[in-house]
>>> print(open('data.cif').read())   # mmCIF, C-alpha atoms; chains and numbers go by the auth columns
data_upload
#
loop_
_atom_site.group_PDB
_atom_site.id
_atom_site.type_symbol
_atom_site.label_atom_id
_atom_site.label_comp_id
_atom_site.label_asym_id
_atom_site.label_seq_id
_atom_site.Cartn_x
_atom_site.Cartn_y
_atom_site.Cartn_z
_atom_site.B_iso_or_equiv
_atom_site.auth_seq_id
_atom_site.auth_asym_id
ATOM 1 C CA MET A 1 0.000 0.000 0.000 0.00 39 A
ATOM 2 C CA GLY A 2 1.217 3.538 -0.776 0.00 40 A
ATOM 3 C CA LEU A 3 1.865 5.938 2.082 0.00 41 A
ATOM 4 C CA LYS A 4 1.176 9.185 0.201 0.00 42 A
ATOM 5 C CA VAL A 5 -1.244 11.499 1.998 0.00 43 A
ATOM 6 C CA ASP A 6 -2.789 14.807 0.952 0.00 44 A
ATOM 7 C CA VAL A 7 -0.894 17.392 3.017 0.00 45 A
ATOM 8 C CA ARG A 8 -4.194 19.110 3.831 0.00 46 A
ATOM 9 C CA LYS A 9 -5.534 15.909 5.345 0.00 47 A
ATOM 10 C CA LEU A 10 -2.311 15.425 7.302 0.00 48 A
ATOM 11 C CA ASP A 11 -2.795 18.919 8.715 0.00 49 A
ATOM 12 C CA LEU A 12 -6.329 17.959 9.745 0.00 50 A
ATOM 13 C CA PHE A 13 -4.957 14.881 11.464 0.00 51 A
ATOM 14 C CA ASN A 14 -2.397 17.036 13.280 0.00 52 A
ATOM 15 C CA GLN A 15 -5.244 19.255 14.485 0.00 53 A
ATOM 16 C CA MET A 16 -7.143 16.120 15.507 0.00 54 A
ATOM 17 C CA ALA A 17 -4.183 14.914 17.589 0.00 55 A
ATOM 18 C CA LYS A 18 -3.916 18.271 19.361 0.00 56 A
ATOM 19 C CA GLU A 19 -7.661 18.435 20.031 0.00 57 A
ATOM 20 C CA GLY A 20 -7.550 14.865 21.345 0.00 58 A
ATOM 21 C CA SER A 21 -4.752 15.786 23.746 0.00 59 A
ATOM 22 C CA GLY A 22 -6.784 18.754 24.911 0.00 60 A
ATOM 23 C CA THR A 23 -9.724 16.448 25.622 0.00 61 A
ATOM 24 C CA VAL A 24 -7.431 14.208 27.673 0.00 62 A
ATOM 25 C CA ALA A 25 -6.295 17.228 29.701 0.00 63 A
ATOM 26 C CA GLU A 26 -9.902 18.295 30.340 0.00 64 A
ATOM 27 C CA ASN A 27 -10.881 14.818 31.504 0.00 65 A
ATOM 28 C CA LEU A 28 -7.786 14.544 33.688 0.00 66 A
ATOM 29 C CA GLY A 29 -8.762 17.812 35.342 0.00 67 A
ATOM 30 C CA GLN A 30 -12.289 16.537 35.998 0.00 68 A
ATOM 31 C CA LEU A 31 -11.023 13.230 37.359 0.00 69 A
ATOM 32 C CA THR A 32 -8.477 14.659 39.769 0.00 70 A
ATOM 33 C CA GLY A 33 -9.812 18.131 40.500 0.00 71 A
ATOM 34 C CA LEU A 34 -6.501 19.544 39.258 0.00 72 A
ATOM 35 C CA ASP A 35 -5.950 22.111 36.488 0.00 73 A
ATOM 36 C CA ALA A 36 -4.503 20.285 33.459 0.00 74 A
ATOM 37 C CA THR A 37 -3.286 21.790 30.181 0.00 75 A
ATOM 38 C CA VAL A 38 -1.539 20.551 27.030 0.00 76 A
ATOM 39 C CA ARG A 39 1.957 22.034 26.938 0.00 77 A
ATOM 40 C CA THR A 40 3.163 20.484 23.683 0.00 78 A
ATOM 41 C CA SER A 41 1.808 18.173 21.027 0.00 79 A
ATOM 42 C CA GLN A 42 3.909 16.945 18.135 0.00 80 A
ATOM 43 C CA ILE A 43 4.018 14.212 15.552 0.00 81 A
ATOM 44 C CA ASN A 44 7.183 12.187 14.928 0.00 82 A
ATOM 45 C CA PHE A 45 8.096 9.557 12.377 0.00 83 A
ATOM 46 C CA LEU A 46 10.650 7.350 14.122 0.00 84 A
ATOM 47 C CA ASP A 47 12.656 4.351 13.086 0.00 85 A
ATOM 48 C CA ILE A 48 11.407 1.375 15.054 0.00 86 A
ATOM 49 C CA GLU A 49 14.826 1.085 16.718 0.00 87 A
ATOM 50 C CA ASP A 50 14.682 4.700 17.902 0.00 88 A
ATOM 51 C CA VAL A 51 11.418 4.443 19.820 0.00 89 A
ATOM 52 C CA LYS A 52 13.093 3.416 23.085 0.00 90 A
ATOM 53 C CA THR A 53 15.726 6.135 22.696 0.00 91 A
ATOM 54 C CA HIS A 54 12.972 8.700 22.163 0.00 92 A
ATOM 55 C CA ILE A 55 11.175 7.634 25.337 0.00 93 A
ATOM 56 C CA GLY A 56 14.313 7.143 27.448 0.00 94 A
ATOM 57 C CA ASP A 57 15.157 4.694 30.210 0.00 95 A
ATOM 58 C CA ASP A 58 14.177 6.616 33.339 0.00 96 A
ATOM 59 C CA LYS A 59 11.969 4.679 35.729 0.00 97 A
ATOM 60 C CA GLY A 60 8.325 5.523 35.258 0.00 98 A
ATOM 61 C CA VAL A 61 4.727 4.365 35.374 0.00 99 A
ATOM 62 C CA GLY A 62 3.110 3.349 32.122 0.00 100 A
ATOM 63 C CA ILE A 63 -0.581 2.818 31.461 0.00 101 A
ATOM 64 C CA TYR A 64 -1.020 1.360 28.004 0.00 102 A
ATOM 65 C CA VAL A 65 -4.089 0.365 26.030 0.00 103 A
ATOM 66 C CA GLU A 66 -4.134 -1.676 22.840 0.00 104 A
ATOM 67 C CA LEU A 67 -6.403 -0.566 19.989 0.00 105 A
ATOM 68 C CA ASN A 68 -8.275 -3.557 18.584 0.00 106 A
ATOM 69 C CA GLU A 69 -9.494 -1.821 15.419 0.00 107 A
ATOM 70 C CA PRO A 70 -7.785 0.440 12.813 0.00 108 A
ATOM 71 C CA PRO A 71 -5.465 2.230 13.235 0.00 109 A
ATOM 72 C CA TYR A 72 -4.495 -0.475 15.757 0.00 110 A
ATOM 73 C CA GLY A 73 -1.336 0.029 17.829 0.00 111 A
ATOM 74 C CA TYR A 74 -1.258 1.445 21.356 0.00 112 A
ATOM 75 C CA VAL A 75 -1.952 4.495 23.477 0.00 113 A
ATOM 76 C CA LEU A 76 0.587 4.921 26.287 0.00 114 A
ATOM 77 C CA PHE A 77 0.390 7.318 29.238 0.00 115 A
ATOM 78 C CA LEU A 78 3.832 7.723 30.809 0.00 116 A
ATOM 79 C CA LEU A 79 4.330 9.385 34.198 0.00 117 A
ATOM 80 C CA GLU A 80 6.997 9.819 36.819 0.00 118 A
ATOM 81 C CA PRO A 81 6.323 7.574 39.849 0.00 119 A
ATOM 82 C CA ALA A 82 5.743 10.460 42.276 0.00 120 A
ATOM 83 C CA ASP A 83 3.290 12.102 39.869 0.00 121 A
ATOM 84 C CA SER A 84 1.455 8.820 39.432 0.00 122 A
ATOM 85 C CA LYS A 85 1.039 8.432 43.189 0.00 123 A
ATOM 86 C CA GLN A 86 -0.363 11.953 43.519 0.00 124 A
ATOM 87 C CA MET A 87 -2.790 11.466 40.629 0.00 125 A
ATOM 88 C CA ALA A 88 -3.920 8.140 42.046 0.00 126 A
ATOM 89 C CA SER A 89 -4.487 9.775 45.438 0.00 127 A
ATOM 90 C CA ALA A 90 -6.520 12.572 43.808 0.00 128 A
ATOM 91 C CA MET A 91 -8.540 9.984 41.878 0.00 129 A
ATOM 92 C CA MET A 92 -9.276 8.097 45.108 0.00 130 A
ATOM 93 C CA GLY A 93 -10.648 11.291 46.649 0.00 131 A
ATOM 94 C CA GLY A 94 -8.347 11.172 49.653 0.00 132 A
ATOM 95 C CA MET A 95 -9.505 7.670 50.627 0.00 133 A
ATOM 96 C CA GLY A 96 -5.905 6.630 51.210 0.00 134 A
ATOM 97 C CA GLU A 97 -2.455 8.108 51.589 0.00 135 A
ATOM 98 C CA PRO A 98 0.142 7.410 48.882 0.00 136 A
ATOM 99 C CA SER A 99 1.892 4.100 49.608 0.00 137 A
ATOM 100 C CA GLU A 100 5.381 4.245 51.052 0.00 138 A
ATOM 101 C CA GLY A 101 8.468 3.374 49.032 0.00 139 A
ATOM 102 C CA GLU A 102 8.749 2.860 45.294 0.00 140 A
ATOM 103 C CA GLY A 103 5.962 0.337 44.841 0.00 141 A
ATOM 104 C CA PHE A 104 2.256 0.880 44.246 0.00 142 A
ATOM 105 C CA SER A 105 -0.654 -0.556 46.201 0.00 143 A
ATOM 106 C CA ASP A 106 -3.412 -2.464 44.424 0.00 144 A
ATOM 107 C CA MET A 107 -5.721 0.501 45.008 0.00 145 A
ATOM 108 C CA GLU A 108 -3.240 2.914 43.435 0.00 146 A
ATOM 109 C CA GLN A 109 -2.758 0.655 40.421 0.00 147 A
ATOM 110 C CA SER A 110 -6.512 0.339 39.969 0.00 148 A
ATOM 111 C CA ALA A 111 -6.925 4.123 40.213 0.00 149 A
ATOM 112 C CA MET A 112 -4.268 4.675 37.546 0.00 150 A
ATOM 113 C CA GLN A 113 -5.818 2.059 35.270 0.00 151 A
ATOM 114 C CA GLU A 114 -9.186 3.789 35.608 0.00 152 A
ATOM 115 C CA ILE A 115 -7.566 7.124 34.755 0.00 153 A
ATOM 116 C CA GLY A 116 -5.995 5.482 31.706 0.00 154 A
ATOM 117 C CA ASN A 117 -9.303 3.927 30.676 0.00 155 A
ATOM 118 C CA ILE A 118 -11.292 7.149 30.854 0.00 156 A
ATOM 119 C CA MET A 119 -8.626 9.272 29.167 0.00 157 A
ATOM 120 C CA THR A 120 -8.066 6.780 26.355 0.00 158 A
ATOM 121 C CA SER A 121 -11.800 6.611 25.728 0.00 159 A
ATOM 122 C CA ALA A 122 -11.981 10.409 25.442 0.00 160 A
ATOM 123 C CA PHE A 123 -8.932 10.515 23.162 0.00 161 A
ATOM 124 C CA ILE A 124 -9.983 7.672 20.874 0.00 162 A
ATOM 125 C CA ASP A 125 -13.674 8.618 20.701 0.00 163 A
ATOM 126 C CA GLY A 126 -12.653 11.991 19.283 0.00 164 A
ATOM 127 C CA TRP A 127 -10.504 10.310 16.642 0.00 165 A
ATOM 128 C CA ALA A 128 -13.310 7.914 15.744 0.00 166 A
ATOM 129 C CA ASN A 129 -15.731 10.813 15.285 0.00 167 A
ATOM 130 C CA VAL A 130 -13.427 12.589 12.830 0.00 168 A
ATOM 131 C CA LEU A 131 -12.543 9.372 10.995 0.00 169 A
ATOM 132 C CA GLU A 132 -16.213 8.315 10.969 0.00 170 A
ATOM 133 C CA THR A 133 -15.472 4.879 12.341 0.00 171 A
ATOM 134 C CA THR A 134 -15.352 2.929 15.601 0.00 172 A
ATOM 135 C CA ILE A 135 -12.128 2.140 17.440 0.00 173 A
ATOM 136 C CA ASP A 136 -12.489 -0.634 20.002 0.00 174 A
ATOM 137 C CA MET A 137 -9.836 -0.740 22.721 0.00 175 A
ATOM 138 C CA GLY A 138 -8.557 -3.264 25.211 0.00 176 A
ATOM 139 C CA THR A 139 -8.181 -3.145 28.992 0.00 177 A
ATOM 140 C CA PRO A 140 -5.621 -0.685 30.450 0.00 178 A
ATOM 141 C CA ASN A 141 -2.400 -2.277 31.702 0.00 179 A
ATOM 142 C CA PHE A 142 -0.273 -0.897 34.555 0.00 180 A
ATOM 143 C CA VAL A 143 3.524 -1.216 34.316 0.00 181 A
ATOM 144 C CA PHE A 144 6.178 0.225 36.634 0.00 182 A
ATOM 145 C CA GLY A 145 9.844 0.220 35.632 0.00 183 A
ATOM 146 C CA PRO A 146 12.331 1.669 33.114 0.00 184 A
ATOM 147 C CA ALA A 147 10.441 3.416 30.306 0.00 185 A
ATOM 148 C CA ASP A 148 12.125 1.420 27.548 0.00 186 A
ATOM 149 C CA GLY A 149 11.097 -1.753 29.358 0.00 187 A
ATOM 150 C CA ILE A 150 7.496 -0.581 29.231 0.00 188 A
ATOM 151 C CA ILE A 151 7.818 -0.530 25.446 0.00 189 A
ATOM 152 C CA ASP A 152 9.008 -4.164 25.561 0.00 190 A
ATOM 153 C CA GLU A 153 6.060 -5.038 27.798 0.00 191 A
ATOM 154 C CA MET A 154 3.626 -3.636 25.246 0.00 192 A
ATOM 155 C CA GLY A 155 4.984 -5.825 22.436 0.00 193 A
ATOM 156 C CA GLY A 156 3.141 -6.524 19.194 0.00 194 A
ATOM 157 C CA TRP A 157 4.928 -3.842 17.177 0.00 195 A
ATOM 158 C CA PRO A 158 3.983 -3.515 13.515 0.00 196 A
ATOM 159 C CA ASP A 159 6.218 -5.078 10.885 0.00 197 A
ATOM 160 C CA SER A 160 7.436 -1.773 9.426 0.00 198 A
ATOM 161 C CA ASP A 161 10.572 0.366 9.445 0.00 199 A
ATOM 162 C CA LEU A 162 8.840 3.493 10.744 0.00 200 A
ATOM 163 C CA VAL A 163 6.591 4.197 13.706 0.00 201 A
ATOM 164 C CA PHE A 164 4.187 7.133 13.649 0.00 202 A
ATOM 165 C CA VAL A 165 4.244 8.692 17.128 0.00 203 A
ATOM 166 C CA VAL A 166 1.850 11.338 18.420 0.00 204 A
ATOM 167 C CA ASP A 167 3.632 12.806 21.442 0.00 205 A
ATOM 168 C CA SER A 168 1.722 15.148 23.802 0.00 206 A
ATOM 169 C CA ARG A 169 2.885 16.573 27.122 0.00 207 A
ATOM 170 C CA ILE A 170 0.120 17.346 29.625 0.00 208 A
ATOM 171 C CA THR A 171 0.952 19.324 32.751 0.00 209 A
ATOM 172 C CA VAL A 172 -1.088 19.692 35.917 0.00 210 A
ATOM 173 C CA ASP A 173 -1.095 22.459 38.532 0.00 211 A
ATOM 174 C CA ASP A 174 1.379 24.826 36.882 0.00 212 A
ATOM 175 C CA GLY A 175 3.746 22.051 35.885 0.00 213 A
ATOM 176 C CA ASP A 176 4.062 20.378 39.288 0.00 214 A
ATOM 177 C CA LEU A 177 2.625 17.152 37.861 0.00 215 A
ATOM 178 C CA GLY A 178 2.531 15.878 34.332 0.00 216 A
ATOM 179 C CA MET A 179 2.284 13.010 31.913 0.00 217 A
ATOM 180 C CA THR A 180 3.241 12.310 28.333 0.00 218 A
ATOM 181 C CA VAL A 181 0.726 10.671 26.021 0.00 219 A
ATOM 182 C CA TYR A 182 2.204 8.563 23.256 0.00 220 A
ATOM 183 C CA THR A 183 0.077 7.132 20.473 0.00 221 A
ATOM 184 C CA PHE A 184 1.636 4.416 18.333 0.00 222 A
ATOM 185 C CA PRO A 185 -0.796 3.633 15.500 0.00 223 A
ATOM 186 C CA GLU A 186 0.157 1.167 12.782 0.00 224 A
ATOM 187 C CA LEU A 187 1.334 3.299 9.901 0.00 225 A
ATOM 188 C CA GLU A 188 -0.467 1.765 6.922 0.00 226 A
ATOM 189 C CA ASP A 189 -3.795 1.492 8.737 0.00 227 A
ATOM 190 C CA LEU A 190 -3.509 5.080 9.913 0.00 228 A
ATOM 191 C CA VAL A 191 -2.714 6.353 6.406 0.00 229 A
ATOM 192 C CA ALA A 192 -5.755 4.523 5.047 0.00 230 A
ATOM 193 C CA LEU A 193 -7.964 6.314 7.605 0.00 231 A
ATOM 194 C CA ILE A 194 -6.353 9.720 6.993 0.00 232 A
ATOM 195 C CA GLN A 195 -6.942 9.369 3.260 0.00 233 A
ATOM 196 C CA ASP A 196 -10.682 9.079 3.969 0.00 234 A
ATOM 197 C CA ILE A 197 -10.891 12.295 6.040 0.00 235 A
ATOM 198 C CA ASP A 198 -13.299 14.850 4.574 0.00 236 A
ATOM 199 C CA LEU A 199 -11.448 18.112 3.912 0.00 237 A
ATOM 200 C CA ASP A 200 -14.511 20.021 5.175 0.00 238 A
ATOM 201 C CA THR A 201 -14.293 18.328 8.580 0.00 239 A
ATOM 202 C CA ASP A 202 -14.676 20.611 11.591 0.00 240 A
ATOM 203 C CA VAL A 203 -11.996 18.988 13.726 0.00 241 A
ATOM 204 C CA ALA A 204 -12.682 20.974 16.897 0.00 242 A
ATOM 205 C CA LYS A 205 -16.361 20.012 16.802 0.00 243 A
ATOM 206 C CA ASP A 206 -15.937 16.383 15.738 0.00 244 A
ATOM 207 C CA THR A 207 -13.244 15.558 18.297 0.00 245 A
ATOM 208 C CA GLU A 208 -15.621 16.389 21.139 0.00 246 A
ATOM 209 C CA ALA A 209 -16.072 12.955 22.682 0.00 247 A
ATOM 210 C CA SER A 210 -19.174 11.989 24.594 0.00 248 A
ATOM 211 C CA ASP A 211 -19.270 13.243 28.173 0.00 249 A
ATOM 212 C CA ILE A 212 -18.142 9.996 29.753 0.00 250 A
ATOM 213 C CA LEU A 213 -17.886 11.414 33.259 0.00 251 A
ATOM 214 C CA ASP A 214 -21.605 11.984 33.789 0.00 252 A
#
>>> encode(input="data.cif", output="structure tokens")
Amino acid sequence: MGLKVDVRKLDLFNQMAKEGSGTVAENLGQLTGLDATVRTSQINFLDIEDVKTHIGDDKGVGIYVELNEPPYGYVLFLLEPADSKQMASAMMGGMGEPSEGEGFSDMEQSAMQEIGNIMTSAFIDGWANVLETTIDMGTPNFVFGPADGIIDEMGGWPDSDLVFVVDSRITVDDGDLGMTVYTFPELEDLVALIQDIDLDTDVAKDTEASDILD
């Protein structure tokens, strides 16, 4: 399959990615009661071997969700451990203090998985609206360890030389907390969807996902 895409449609997809990240930030703010904003959002084409280098090897918490329909691939939320503990505590509504030491309690892991589930739904629903399709997703997975090891844990990488990465940085409470959202769609499936985007699409309107927090 060819990978040529109308540059105007690629621009629409870039807008879609930014709007999706903004939706994630809004939902994160509602979930935790904290003020969340998108600081950066960029698209990268990376060689498959450079993905781990791009993400780094610092220890972190990863919540990843597999997409079971086109464009397939994964959505990964990557956080520093201390930030993850604070977000989990906010999600639990003060029902428990952050666990001591490096590890995470079952309650904290469950809270982070729920955050990942709700944010992925908001992100992917917006994409599906623009692409006029459905995108079924799997169950969120919690992983704690070196970031490049989280990539190994995800597995199932597409058989291609390039990986299309949507990289968004979301900060909370004036930068005190934050997370990076990585989206790794399979390139050929994504291109096929982008090629079908209507040039008259109102991205800001169509990426408004259903209010899943009601």
>>> resolve_selection(input="data.cif", expression="the PyMOL selection byres ((chain A and resi 174) around 9)", output="ChimeraX atom specification")
/A:104-108,162,172-173,175-176
>>> atom_distance(input="data.cif", atom1="atom CA of A:Gly71", atom2="atom CA of A:Ala128")
7.3 Å
>>> atom_distance(input="data.cif", atom1="atom CA of A:Met125", atom2="atom CA of A:Gly98")
13.7 Å
>>> resolve_selection(input="data.cif", expression="the PyMOL selection byres ((chain A and resi 142) around 12)", output="JSON, numbers by chain")
{"A": [98, 99, 119, 120, 122, 123, 124, 126, 127, 135, 136, 137, 138, 139, 140, 141, 143, 144, 145, 146, 147, 148, 149, 150, 180, 181, 182, 183]}
>>> atom_distance(input="data.cif", atom1="atom CA of A:Glu87", atom2="atom CA of A:Asp44")
27.3 Å
>>> residues_near_point(input="data.cif", point="(-2.4, 16.8, 38.2)", cutoff="8 Å", atoms="all atoms listed in the file", output="list of chain:residue names")
A:Leu66, A:Gly67, A:Thr70, A:Gly71, A:Leu72, A:Asp73, A:Ala74, A:Asp121, A:Gln124, A:Met125, A:Thr209, A:Val210, A:Asp211, A:Asp214, A:Leu215, A:Gly216
>>> resolve_selection(input="data.cif", expression="the PyMOL selection byres ((chain A and resi 95) around 6)", output="list in words")
Gly94, Asp96, Pro184, Ala185 and Asp186 of chain A
>>> axis_aligned_box(input="data.cif", around="stretch 100-115 of chain A", padding_each_side="6 Å", output="JSON")
{"center_x": -3.2, "center_y": 1.9, "center_z": 22.5, "size_x": 24.6, "size_y": 22.9, "size_z": 31.3}
>>> residues_around(input="data.cif", residues="A:Ile156", least_positions_apart="3", cutoff="9 Å", atoms="all atoms listed in the file", output="list in words")
Val62, Asn65, Leu66, Leu69, Gln151, Glu152, Ile153, Ser159, Ala160, Phe161, Ile250 and Leu251 of chain A
>>> closest_residue(input="data.cif", among="A:Val103, A:Leu169, A:Met54, A:Val113", to="A:Asp234", atoms="all atoms listed in the file")
A:Leu169
>>> closest_residue(input="data.cif", among="A:Val168, A:Met157, A:Ile188, A:Val76", to="A:Lys47", atoms="only C-alpha atoms")
A:Val168
>>> residues_near_point(input="data.cif", point="(0.1, 18.1, 21.3)", cutoff="9 Å", atoms="only C-alpha atoms", output="count of residues only")
20
>>> closest_residue(input="data.cif", among="A:Asn82, A:Thr177, A:Asn155, A:Thr218", to="A:Phe202", atoms="only C-alpha atoms")
A:Asn82
>>> closest_residue(input="data.cif", among="A:Ala166, A:Met129, A:Ile232, A:Ile93", to="A:Val45", atoms="all atoms listed in the file")
A:Ile232
>>> closest_residue(input="data.cif", among="A:Leu228, A:Val203, A:Ala63, A:Leu48", to="A:Thr158", atoms="all atoms listed in the file")
A:Ala63
>>> decode(input="data.cif", residues="stretch 213-243 of chain A", atoms="N, CA and C atoms", output="compact mmCIF listing (two decimals), in the first residue's frame")
# COMPACT_ATOMS: atom_id res chain seq x y z
N GLY A 213 2.55 22.82 36.21
CA GLY A 213 3.75 22.05 35.89
C GLY A 213 4.26 21.18 37.02
N ASP A 214 3.59 21.20 38.18
CA ASP A 214 4.06 20.38 39.29
C ASP A 214 3.90 18.88 38.99
N LEU A 215 2.85 18.54 38.26
CA LEU A 215 2.62 17.15 37.86
C LEU A 215 2.50 17.12 36.34
N GLY A 216 2.69 15.95 35.78
CA GLY A 216 2.53 15.88 34.33
C GLY A 216 2.59 14.46 33.82
N MET A 217 2.19 14.30 32.57
CA MET A 217 2.28 13.01 31.91
C MET A 217 2.53 13.25 30.43
N THR A 218 3.09 12.26 29.78
CA THR A 218 3.24 12.31 28.33
C THR A 218 2.38 11.23 27.73
N VAL A 219 1.60 11.61 26.72
CA VAL A 219 0.73 10.67 26.02
C VAL A 219 1.38 10.31 24.70
N TYR A 220 1.65 9.04 24.51
CA TYR A 220 2.20 8.56 23.26
C TYR A 220 1.15 7.71 22.55
N THR A 221 0.97 7.97 21.27
CA THR A 221 0.08 7.13 20.47
C THR A 221 0.90 6.49 19.37
N PHE A 222 0.86 5.17 19.32
CA PHE A 222 1.64 4.42 18.33
C PHE A 222 0.69 3.66 17.39
N PRO A 223 0.07 4.35 16.43
CA PRO A 223 -0.80 3.63 15.50
C PRO A 223 0.03 2.90 14.45
N GLU A 224 -0.53 1.85 13.87
CA GLU A 224 0.16 1.17 12.78
C GLU A 224 0.05 2.04 11.54
N LEU A 225 1.20 2.26 10.92
CA LEU A 225 1.33 3.30 9.90
C LEU A 225 0.38 3.12 8.72
N GLU A 226 0.36 1.95 8.12
CA GLU A 226 -0.47 1.76 6.92
C GLU A 226 -1.95 1.90 7.23
N ASP A 227 -2.38 1.38 8.36
CA ASP A 227 -3.80 1.49 8.74
C ASP A 227 -4.16 2.94 9.01
N LEU A 228 -3.25 3.68 9.63
CA LEU A 228 -3.51 5.08 9.91
C LEU A 228 -3.61 5.88 8.62
N VAL A 229 -2.69 5.64 7.68
CA VAL A 229 -2.71 6.35 6.41
C VAL A 229 -4.03 6.10 5.68
N ALA A 230 -4.49 4.85 5.71
CA ALA A 230 -5.75 4.52 5.05
C ALA A 230 -6.91 5.34 5.63
N LEU A 231 -6.91 5.53 6.96
CA LEU A 231 -7.96 6.31 7.61
C LEU A 231 -7.83 7.80 7.28
N ILE A 232 -6.58 8.30 7.29
CA ILE A 232 -6.35 9.72 6.99
C ILE A 232 -6.81 10.05 5.58
N GLN A 233 -6.56 9.13 4.65
CA GLN A 233 -6.94 9.37 3.26
C GLN A 233 -8.45 9.53 3.10
N ASP A 234 -9.22 9.00 4.04
CA ASP A 234 -10.68 9.08 3.97
C ASP A 234 -11.26 10.29 4.70
N ILE A 235 -10.40 11.12 5.32
CA ILE A 235 -10.89 12.29 6.04
C ILE A 235 -11.49 13.30 5.05
N ASP A 236 -12.66 13.82 5.38
CA ASP A 236 -13.30 14.85 4.57
C ASP A 236 -12.59 16.18 4.83
N LEU A 237 -12.17 16.85 3.76
CA LEU A 237 -11.45 18.11 3.91
C LEU A 237 -12.30 19.20 4.55
N ASP A 238 -13.62 19.04 4.55
CA ASP A 238 -14.51 20.02 5.18
C ASP A 238 -14.78 19.71 6.65
N THR A 239 -14.08 18.74 7.19
CA THR A 239 -14.29 18.33 8.58
C THR A 239 -14.00 19.47 9.55
N ASP A 240 -14.90 19.67 10.50
CA ASP A 240 -14.68 20.61 11.59
C ASP A 240 -14.04 19.83 12.74
N VAL A 241 -12.71 19.84 12.78
CA VAL A 241 -12.00 18.99 13.73
C VAL A 241 -12.35 19.31 15.17
N ALA A 242 -12.40 20.59 15.51
CA ALA A 242 -12.68 20.97 16.90
C ALA A 242 -14.03 20.44 17.35
N LYS A 243 -15.02 20.49 16.45
CA LYS A 243 -16.36 20.01 16.80
C LYS A 243 -16.41 18.50 16.85
